[in-house]
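One structure is given here, and the rest of the page talks about it.
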Amino acid sequence: MAETPVEATLQGNKELIRRFIEEGQNRHDYDLIDAFSTEDCVIHHPAARKPASEADDRRRMAEELWEAFSDFRFGIEDMVAEGDWVAVRLTAHATNDGPLGPNKDVSGKTVAQPVQVHYRLRDGKIAEVWIEEDVYGMLLQLGLIPKSPRLLHWMNRLGIMRLLQMAGKVPKEDPSYQLS
Amino acid sequence: MTHAEAATGRDGQRALVRRLFEEVWGAGRLEAADELVAPDCVVEAPGHREREQRELRGPNGLRELVETYRGGFPGLDVSVDLLLAEGDGVTARLTMRGVHRGRWLGVPASGREVDFTVSSFSRVSSGAVVRQWYEWDQRKLLEQLKLLPRI
C-alpha cells in the first residue's frame with residue numbers, strides 16, 4: 001500500500017524526534033538540540049518550577065542534567081504521532097555521578113527511569129515539550145528520600161523531617177518558591 | 001485497509017481511551033473497566049500502594065489504581081487535554097484536580113488541594129486496552145500535601 005502524504009509527514013515527524021533524542025540528547029550535543037528547537041520553544045518538566053521558555057534556561061536545564069548524570073541517555077520504547085504532535089515513551093538510563101539538586105547529592109547509583117514526552121512541532125522544529133516523569137520514584141531509586149507517603153506523614157508529624165532538614169539530609173524549603 | 005477505515009479505527013481507539021479516562025477515572029464508574037480493559041492487560045503507573053509497586057493487571061488492577069486516587073481525593077476531577085491516536089497506539093495528556101478528603105497511601109485526610117498533570121500511553125486491540133502506561137510526578141502531590149518541602 002502506498003504511503004499517503006499524511007502518513008509520510010507523520011513518519012518524518014517521528015524521524016525528526018528520533019534524531020533529536022539519539023543524536024542530540026544521547027550525545028549531549030546541545031548545539032544540535034538547539035538547532036532542532038524553535039527560538040520560543042517551551043519545555044514543561046515536573047522538576048522545573050516554571051516552564052523553560054528562554055534559550056539560556058533550556059541550555060541550563062540540559063547541562064545540569066548531564067552534570068548530575070554524566071552517562072545520561074534515553075532508550076526509545078514507543079512512539080505515536082498525529083497532527084503536529086509526536087508522543088514518545090522512553091526509559092532514561094543514568095548514573096548519578098555528579099551533584100544533583102539543592103543538596104548536591106552524588107549517590108553513585110544508576111537508575112532506569114520511565115519518562116513520557118509529548119512534542120509539538122512547528123515548521124519542522126520542536127516548539128513545545130511536555131515531559132512527565134515520577135521524580136519521587138527517581139529519588140527513591142537513588143535512595144535520597146523516605147520510602148512511602150505514610151512514612152513521610154509520620155516523619156512530618158514527629159518533627160523528624162525538620163531534624164533531617166537541619167542536618168542537611170533533606171532539602172530545606174526554597175524560600176524563593178513563594179515569590180514565583 | 002482504506003483511508004476511511006483507518007480513520008474510523010483511529011477514532012474508535014481514541015473514543016475507547018477517552019471513555020476509560022472520563023468514566024472510570026473521572027466519574028468513578030469502576031465497573032466500566034470490565035468492558036474497556038483486557039483481562040491480561042498490564043497497567044504501569046507511579047507507586048499506588050505504600051510501596052513503590054508499578055505494575056497492575058486487568059480490570060481489577062486499573063480499579064485498584066483508580067480507587068487509590070478517588071479514595072484519597074473523592075470527586076477527583078479529570079480533564080483530557082490531548083488525545084493522539086496512531087495505529088493501535090493512543091496517548092493522552094490529562095489534568096487531575098482533587099481535595100485530600102480520604103486516606104491516601106496511608107496518609108490521613110488533610111483537606112489540602114492537589115492538581116497534577118498526567119501522561120499516558122495505551123495499546124488497543126479488539127476494542128479493549130491491552131497495555132497501559134501512566135506517568136505523573138508523585139513528588140508534586142507530596143509537596144502539595146505538605147509531606148515534602150518544595151525545592
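Order determines the names: the first chain of the C-alpha cells is A, the second B, and so forth; residues in each chain are numbered 1 upward, and ligands are numbered 1 upward as they are shown.
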- Task: as a VMD selection string, please: all residues of chain A that backbone DSSP puts in strand (DSSP E or B).
- Result: chain A and resid 37 to 44 52 73 to 82 85 to 95 100 105 110 to 122 125 to 133
Kindly export the residues of the current selection with N, CA and C atoms, as a compact mmCIF listing (two decimals), in the first residue's frame.
# COMPACT_ATOMS: atom_id res chain seq x y z
N SER A 37 15.17 23.01 17.87
CA SER A 37 14.14 23.69 18.65
C SER A 37 13.85 25.07 18.08
N THR A 38 12.58 25.48 18.13
CA THR A 38 12.26 26.86 17.74
C THR A 38 12.84 27.80 18.80
N GLU A 39 13.01 29.06 18.44
CA GLU A 39 13.60 30.03 19.37
C GLU A 39 12.74 30.18 20.62
N ASP A 40 11.41 30.09 20.44
CA ASP A 40 10.50 30.28 21.57
C ASP A 40 9.98 28.96 22.13
N CYS A 41 10.74 27.89 21.91
CA CYS A 41 10.35 26.56 22.40
C CYS A 41 10.14 26.58 23.92
N VAL A 42 9.05 25.98 24.38
CA VAL A 42 8.72 25.95 25.82
C VAL A 42 8.80 24.51 26.32
N ILE A 43 9.55 24.30 27.40
CA ILE A 43 9.66 22.95 27.98
C ILE A 43 8.96 22.92 29.33
N HIS A 44 8.01 22.00 29.47
CA HIS A 44 7.32 21.79 30.75
C HIS A 44 7.87 20.52 31.37
N ALA A 52 10.45 26.25 31.01
CA ALA A 52 11.65 26.87 30.47
C ALA A 52 11.33 27.36 29.07
N ARG A 73 21.33 8.83 29.11
CA ARG A 73 20.82 8.61 27.75
C ARG A 73 19.42 8.01 27.82
N PHE A 74 18.66 8.24 26.74
CA PHE A 74 17.30 7.72 26.64
C PHE A 74 17.26 6.50 25.73
N GLY A 75 16.49 5.49 26.10
CA GLY A 75 16.12 4.42 25.19
C GLY A 75 14.69 4.68 24.74
N ILE A 76 14.45 4.64 23.42
CA ILE A 76 13.10 4.88 22.90
C ILE A 76 12.31 3.58 22.95
N GLU A 77 11.17 3.59 23.66
CA GLU A 77 10.36 2.38 23.81
C GLU A 77 9.19 2.36 22.83
N ASP A 78 8.62 3.53 22.55
CA ASP A 78 7.37 3.57 21.78
C ASP A 78 7.15 5.00 21.27
N MET A 79 6.49 5.11 20.12
CA MET A 79 6.18 6.44 19.56
C MET A 79 4.78 6.43 18.96
N VAL A 80 4.07 7.56 19.12
CA VAL A 80 2.75 7.74 18.49
C VAL A 80 2.74 9.16 17.92
N ALA A 81 2.35 9.29 16.65
CA ALA A 81 2.32 10.62 16.03
C ALA A 81 0.94 10.89 15.46
N GLU A 82 0.48 12.11 15.63
CA GLU A 82 -0.76 12.55 14.99
C GLU A 82 -0.73 14.07 14.87
N TRP A 85 1.81 16.60 16.53
CA TRP A 85 2.35 16.05 17.77
C TRP A 85 3.07 14.72 17.56
N VAL A 86 4.12 14.51 18.35
CA VAL A 86 4.76 13.19 18.46
C VAL A 86 4.88 12.89 19.95
N ALA A 87 4.36 11.74 20.36
CA ALA A 87 4.48 11.31 21.76
C ALA A 87 5.49 10.17 21.81
N VAL A 88 6.34 10.19 22.83
CA VAL A 88 7.39 9.18 22.96
C VAL A 88 7.41 8.63 24.38
N ARG A 89 7.51 7.31 24.47
CA ARG A 89 7.71 6.66 25.77
C ARG A 89 9.17 6.25 25.82
N LEU A 90 9.85 6.66 26.88
CA LEU A 90 11.30 6.49 26.97
C LEU A 90 11.67 5.83 28.29
N THR A 91 12.87 5.24 28.33
CA THR A 91 13.48 4.91 29.61
C THR A 91 14.80 5.67 29.67
N ALA A 92 14.96 6.48 30.72
CA ALA A 92 16.23 7.19 30.91
C ALA A 92 17.16 6.27 31.70
N HIS A 93 18.36 6.05 31.17
CA HIS A 93 19.38 5.25 31.87
C HIS A 93 20.46 6.22 32.31
N ALA A 94 20.74 6.27 33.61
CA ALA A 94 21.66 7.30 34.07
C ALA A 94 22.29 6.95 35.41
N THR A 95 23.56 7.30 35.57
CA THR A 95 24.26 7.14 36.85
C THR A 95 24.47 8.52 37.46
N LEU A 100 23.49 16.66 42.34
CA LEU A 100 22.08 16.66 41.93
C LEU A 100 21.25 17.44 42.93
N ASP A 105 23.60 16.19 45.91
CA ASP A 105 23.80 14.76 46.20
C ASP A 105 24.56 14.07 45.08
N THR A 110 22.74 4.00 39.78
CA THR A 110 22.24 4.02 38.41
C THR A 110 20.73 3.82 38.44
N VAL A 111 20.02 4.61 37.66
CA VAL A 111 18.56 4.49 37.61
C VAL A 111 18.10 4.12 36.21
N ALA A 112 16.92 3.46 36.16
CA ALA A 112 16.19 3.26 34.90
C ALA A 112 14.85 3.93 35.14
N GLN A 113 14.68 5.12 34.57
CA GLN A 113 13.54 5.96 34.90
C GLN A 113 12.60 6.07 33.71
N PRO A 114 11.33 5.61 33.86
CA PRO A 114 10.37 5.77 32.75
C PRO A 114 9.96 7.23 32.59
N VAL A 115 9.89 7.67 31.35
CA VAL A 115 9.55 9.07 31.04
C VAL A 115 8.61 9.07 29.83
N GLN A 116 7.60 9.95 29.84
CA GLN A 116 6.77 10.15 28.65
C GLN A 116 6.86 11.60 28.22
N VAL A 117 7.03 11.82 26.92
CA VAL A 117 7.17 13.18 26.41
C VAL A 117 6.22 13.40 25.23
N HIS A 118 5.53 14.53 25.24
CA HIS A 118 4.74 14.97 24.09
C HIS A 118 5.44 16.17 23.47
N TYR A 119 5.81 16.05 22.18
CA TYR A 119 6.45 17.13 21.44
C TYR A 119 5.45 17.71 20.45
N ARG A 120 5.34 19.06 20.39
CA ARG A 120 4.56 19.71 19.35
C ARG A 120 5.52 20.36 18.37
N LEU A 121 5.33 20.05 17.09
CA LEU A 121 6.24 20.55 16.06
C LEU A 121 5.62 21.74 15.34
N ARG A 122 6.52 22.65 14.88
CA ARG A 122 6.09 23.77 14.07
C ARG A 122 7.18 24.04 13.04
N LYS A 125 10.39 22.06 13.42
CA LYS A 125 11.17 22.17 14.65
C LYS A 125 10.27 21.90 15.87
N ILE A 126 10.92 21.71 17.02
CA ILE A 126 10.17 21.44 18.25
C ILE A 126 9.80 22.76 18.90
N ALA A 127 8.49 22.99 19.09
CA ALA A 127 8.02 24.27 19.61
C ALA A 127 7.52 24.15 21.06
N GLU A 128 7.16 22.95 21.46
CA GLU A 128 6.58 22.77 22.80
C GLU A 128 6.87 21.35 23.26
N VAL A 129 7.27 21.21 24.52
CA VAL A 129 7.64 19.90 25.07
C VAL A 129 6.95 19.73 26.43
N TRP A 130 6.22 18.63 26.57
CA TRP A 130 5.59 18.30 27.86
C TRP A 130 6.20 16.99 28.36
N ILE A 131 6.99 17.09 29.42
CA ILE A 131 7.67 15.90 29.96
C ILE A 131 6.93 15.46 31.21
N GLU A 132 6.69 14.17 31.34
CA GLU A 132 6.06 13.65 32.55
C GLU A 132 6.92 12.51 33.08
N GLU A 133 7.31 12.61 34.34
CA GLU A 133 8.02 11.51 34.97
C GLU A 133 7.81 11.60 36.47
Kindly provide the residues of chain B that approach chain A to within 7 Å, each paired with its closest atom pair and their distance in Å to one decimal, based on only C-alpha atoms, listed by chain and increasing number, as a tab-separated table.
residue	atom	partner	partner_atom	distance
B:Pro46	CA	A:Asp134	CA	6.4
B:Glu50	CA	A:Ser148	CA	5.3
B:Arg51	CA	A:Ser148	CA	6.0
B:Leu84	CA	A:Glu82	CA	5.8
B:Ala85	CA	A:Glu82	CA	6.3
B:Glu86	CA	A:Val80	CA	5.7
B:Gly89	CA	A:Val80	CA	6.3
B:Thr91	CA	A:Ala87	CA	6.9
B:Leu105	CA	A:Pro149	CA	6.3
B:Gly106	CA	A:Arg150	CA	4.8
B:Val107	CA	A:Arg150	CA	5.1
B:Val118	CA	A:Glu132	CA	6.7
B:Ser119	CA	A:Glu132	CA	6.1
B:Glu135	CA	A:Glu133	CA	5.3
B:Trp136	CA	A:Glu133	CA	5.4
B:Asp137	CA	A:Asp134	CA	4.1
B:Gln138	CA	A:Asp134	CA	5.6
B:Arg139	CA	A:Tyr136	CA	4.7
B:Leu147	CA	A:Leu152	CA	5.9
B:Pro149	CA	A:Glu173	CA	4.9
B:Arg150	CA	A:Glu173	CA	5.3
B:Ile151	CA	A:Asp174	CA	5.1
- Message: Show me, as a list in words, the residues that have an atom within 9 Å of Ser110 in chain B when counting only C-alpha atoms, minus same-chain residues fewer than 3 positions from it.
- Response: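 Contacts, with the query itself left out: Val99, His100, Arg101, Gly102, Arg103, Val107, Glu113 and Leu145 of chain B.
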Got time to write the residues from that selection, N, CA and C atoms, as a short mmCIF file (atom, residue, chain, number, x, y, z; two decimals), in the first residue's frame?
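Result written to again37.cif:
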data_model
loop_
_atom_site.label_atom_id
_atom_site.label_comp_id
_atom_site.auth_asym_id
_atom_site.auth_seq_id
_atom_site.Cartn_x
_atom_site.Cartn_y
_atom_site.Cartn_z
N VAL B 99 -9.37 17.17 46.21
CA VAL B 99 -9.16 17.60 47.59
C VAL B 99 -8.93 16.34 48.42
N HIS B 100 -7.90 16.39 49.25
CA HIS B 100 -7.48 15.22 50.04
C HIS B 100 -8.45 15.01 51.21
N ARG B 101 -9.60 14.35 50.91
CA ARG B 101 -10.64 14.16 51.92
C ARG B 101 -10.72 12.72 52.39
N GLY B 102 -9.87 11.86 51.82
CA GLY B 102 -9.87 10.46 52.26
C GLY B 102 -8.45 10.01 52.53
N ARG B 103 -8.29 8.78 53.04
CA ARG B 103 -6.95 8.26 53.30
C ARG B 103 -6.30 7.92 51.96
N VAL B 107 -1.89 7.99 54.25
CA VAL B 107 -1.84 9.35 54.80
C VAL B 107 -3.27 9.81 55.08
N GLU B 113 -5.67 20.81 48.75
CA GLU B 113 -5.98 20.65 47.32
C GLU B 113 -4.74 20.22 46.55
N LEU B 145 0.62 18.22 49.47
CA LEU B 145 0.08 17.73 50.74
C LEU B 145 0.99 18.11 51.91
#
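A straight line drawn from CA of Ile33 in chain A to CA of Gly12 in chain A is 17.2 Å long.
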- Determine, counting only C-alpha atoms, which protein, DNA and RNA residues have an atom within 6 Å of an atom of Val129 in chain B; residues of the same chain fewer than 3 positions away are not included. Present the result as a PyMOL selection string. chain B and resi 37-38+123-124
Residues as selected, C-alpha atoms, written as a PDB file, in the first residue's frame, can you do that?
ATOM      1  CA  VAL B  37      -9.656  -3.265  29.726  1.00  0.00           C
ATOM      2  CA  ALA B  38      -8.498  -6.724  28.567  1.00  0.00           C
ATOM      3  CA  ARG B 123      -2.171  -0.047  23.211  1.00  0.00           C
ATOM      4  CA  VAL B 124      -5.600  -1.126  21.966  1.00  0.00           C
TER       5      VAL B 124
END
